[in-house]
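Novice: This is the structure I want to talk about, given as structure tokens.
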Amino acid sequence: MARFARVQTSAGFRYAFDEGAHWRVLQAAPWEGVQPTDETVPKTNAQLGVPVLASKVVAVGQNYRQHAAEMGKPVPVEPLIFIKPSSALNAHLSPIVIPPASEEVHHEAELALIIGKKLKNASEVEAEAGIFGLSCFNDVTARDVQRREVQHTRAKGYDTFACLGPVVVAGVSPSDLRIVARVNGAVRQDGRTSDMIFSPARLVSFISSVMTLFPGDVVSTGTPSGVGPIRSGDWVEIDIEHVGVLKNPVLR
């Protein structure tokens, strides 16, 4: 298992590798081969950015049976995909900003897949091999806006509504991980990725039949049941077994 992040340096945010007490800065993105430099950043004062530079975030709706039920939706016969813009990406510890247009913003704890190879019309075997690593994701949603509109773009596309991080973990299977959402320390969601309707490999294969996936792109795999409101002053945690804990405050 290896852990990667994007760490603030004197030259801006750079990809880095976890070496215990410090981050080892890399010459390039880790899926291009781990190429260490001589530069390190102590973890005690490290500022972490969004862990990948993604051209897009492809998210999946209703991929857990219990979540489909709580939303009053049927179990889909094929993956339901939508796009969150890269401008919505939000780093660990950065605030989720509730927009003026919404009075009901929800958390959605999700496992994110980080793509490590260019994929187009990939088989499930090729798709699985093309997943570089995993990260924690919060698919923040303006639920009242979502109810008013057929499309998901506005409800899920606001700036700060795609929380990702704090790290990318390589070498961990996504097939059966516990995924928990906490708000102010209270558990709101508690599920396992084994309850997904469509597996990570199936999702990536399906998405690649629609659009080309590039290294660094993010595929978020759906949320278990228990989604609920977040309000200004709250702290939201997305905790995924063997992956990490993503924390964000909420501001109006």
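Naming scheme: A, B, ... for chains in displayed order of the structure tokens; residues 1 onward per chain; ligands 1 onward as shown.
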So that I can check the surroundings of segment 188-199 of chain A, please list as a PyMOL selection string every protein, DNA and RNA residue that reaches within 6 Å of it, counting only C-alpha atoms and ignoring chain neighbours fewer than 5 positions away.
Specialist: chain A and resi 63-64+175-182+224+226
Novice: So which residues touch Ala5 of chain A within 6 Å, counting only C-alpha atoms, skipping near sequence neighbours fewer than 2 positions away, as a list in words?
Specialist: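 Neighbouring residues, sequence-local ones excluded: Tyr15, Ala16, Pro51 and Val167 of chain A.
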Novice: Identify, on the basis of only C-alpha atoms, every residue whose closest approach to Gly216 of chain A does not exceed 8 Å; exclude the query and any residue fewer than 6 positions from it along the same chain; express the result as a list in words.
Specialist: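 The neighbour list is Val52, Leu53, Ala54, Ser55, Ile114, Ile115 and Gly116 of chain A.
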Novice: Counting only C-alpha atoms, which residues of segment 142-250 of chain A sit at most 12 Å from some atom of segment 37-48 of chain A, and what is each one's closest atom pair with its distance in Å to one decimal, listed by chain and rising residue number, as a tab-separated table?
Specialist:
```
residue	atom	partner	partner_atom	distance
A:Leu164	CA	A:Leu48	CA	10.9
A:Gly165	CA	A:Leu48	CA	8.6
A:Pro166	CA	A:Leu48	CA	6.9
A:Val167	CA	A:Leu48	CA	8.4
A:Val168	CA	A:Leu48	CA	11.6
A:Leu246	CA	A:Leu48	CA	11.3
A:Lys247	CA	A:Leu48	CA	11.9
```
Novice: Identify all residues of segment 12-250 of chain A in helix (DSSP H, G or I) (DSSP on the backbone) and supply them as a ChimeraX atom specification.
Specialist: /A:30-32,43-45,65-70,86-88,124-129,143-148,153-157,193-195,200-208
Novice: If I take atom CA of Pro95 of chain A and atom CA of Pro249 of chain A, how far is one from the other in Å, to one decimal?
Specialist: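 Going from atom CA of Pro95 of chain A over to atom CA of Pro249 of chain A, I get 4.8 Å.
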Novice: I want to know what sits within 8 Å of Thr212 of chain A, based on only C-alpha atoms, with residues of the same chain fewer than 3 positions away left out; could you give that as JSON, numbers by chain?
Specialist: {"A": [118, 119, 120, 121, 207, 208, 209]}
Novice: Quick one, how far is atom CA of Pro215 of chain A from atom CA of His106 of chain A?
Specialist: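 Interatomic distance here is 29.0 Å.
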Novice: Go through segment 59-194 of chain A and collect every residue that DSSP, computed from the backbone, puts in strand (DSSP E or B); the answer should be as an MDAnalysis selection string.
Specialist: chainID A and resid 59:61 64 80:84 89:90 96:97 105:107 109:115 119 131:139 141:142 162:170 178:183 186:192
Novice: Nearest to Ser86 of chain A among A:Asp159, A:Glu124, A:Glu103, A:Asp144, with distances taken over only C-alpha atoms: which residue is it?
Specialist: A:Asp159
Novice: Give me, as a PyMOL selection string, all polymer residues having an atom no more than 8 Å from Thr153 of chain A, counting only C-alpha atoms and skipping those fewer than 3 positions away in the same chain.
Specialist: chain A and resi 82-84+156-157
Novice: Show which residues sit within 10 Å of Thr221 of chain A, as a PyMOL selection string. Count only C-alpha atoms, and ignore same-chain residues fewer than 2 positions away.
Specialist: chain A and resi 58-64+79+81+109-113+137+139+193+196-200+203-204+218-219+223-224
Novice: So that I have them on file, write out the residues from the current selection with C-alpha atoms, as an mmCIF file, in the first residue's frame.
Specialist:
```
data_model
loop_
_atom_site.group_PDB
_atom_site.id
_atom_site.type_symbol
_atom_site.label_atom_id
_atom_site.label_comp_id
_atom_site.auth_asym_id
_atom_site.auth_seq_id
_atom_site.Cartn_x
_atom_site.Cartn_y
_atom_site.Cartn_z
ATOM 1 C CA VAL A 58 -17.615 11.472 -13.225
ATOM 2 C CA ALA A 59 -20.087 10.561 -10.496
ATOM 3 C CA VAL A 60 -22.629 7.744 -10.262
ATOM 4 C CA GLY A 61 -26.177 7.947 -8.941
ATOM 5 C CA GLN A 62 -28.136 5.277 -7.051
ATOM 6 C CA ASN A 63 -25.331 2.710 -6.948
ATOM 7 C CA TYR A 64 -26.320 1.351 -3.518
ATOM 8 C CA PRO A 79 -25.015 2.950 -14.294
ATOM 9 C CA ILE A 81 -23.641 8.872 -14.560
ATOM 10 C CA ALA A 109 -19.982 9.785 1.420
ATOM 11 C CA GLU A 110 -18.390 8.028 -1.550
ATOM 12 C CA LEU A 111 -15.345 6.025 -2.590
ATOM 13 C CA ALA A 112 -13.445 7.764 -5.396
ATOM 14 C CA LEU A 113 -11.452 5.900 -8.021
ATOM 15 C CA PHE A 137 -15.085 11.791 -1.743
ATOM 16 C CA ASP A 139 -20.592 14.371 -3.387
ATOM 17 C CA THR A 193 -18.573 -0.886 -0.877
ATOM 18 C CA MET A 196 -22.612 -1.463 -4.717
ATOM 19 C CA ILE A 197 -24.961 -2.452 -7.543
ATOM 20 C CA PHE A 198 -22.221 -1.967 -10.160
ATOM 21 C CA SER A 199 -18.607 -2.782 -9.278
ATOM 22 C CA PRO A 200 -15.809 -0.223 -9.687
ATOM 23 C CA LEU A 203 -18.399 1.562 -13.676
ATOM 24 C CA VAL A 204 -15.069 2.534 -15.222
ATOM 25 C CA VAL A 218 -11.946 10.923 -10.752
ATOM 26 C CA VAL A 219 -14.796 8.400 -10.795
ATOM 27 C CA THR A 223 -23.237 6.671 -1.785
ATOM 28 C CA PRO A 224 -24.773 4.325 0.799
#
```
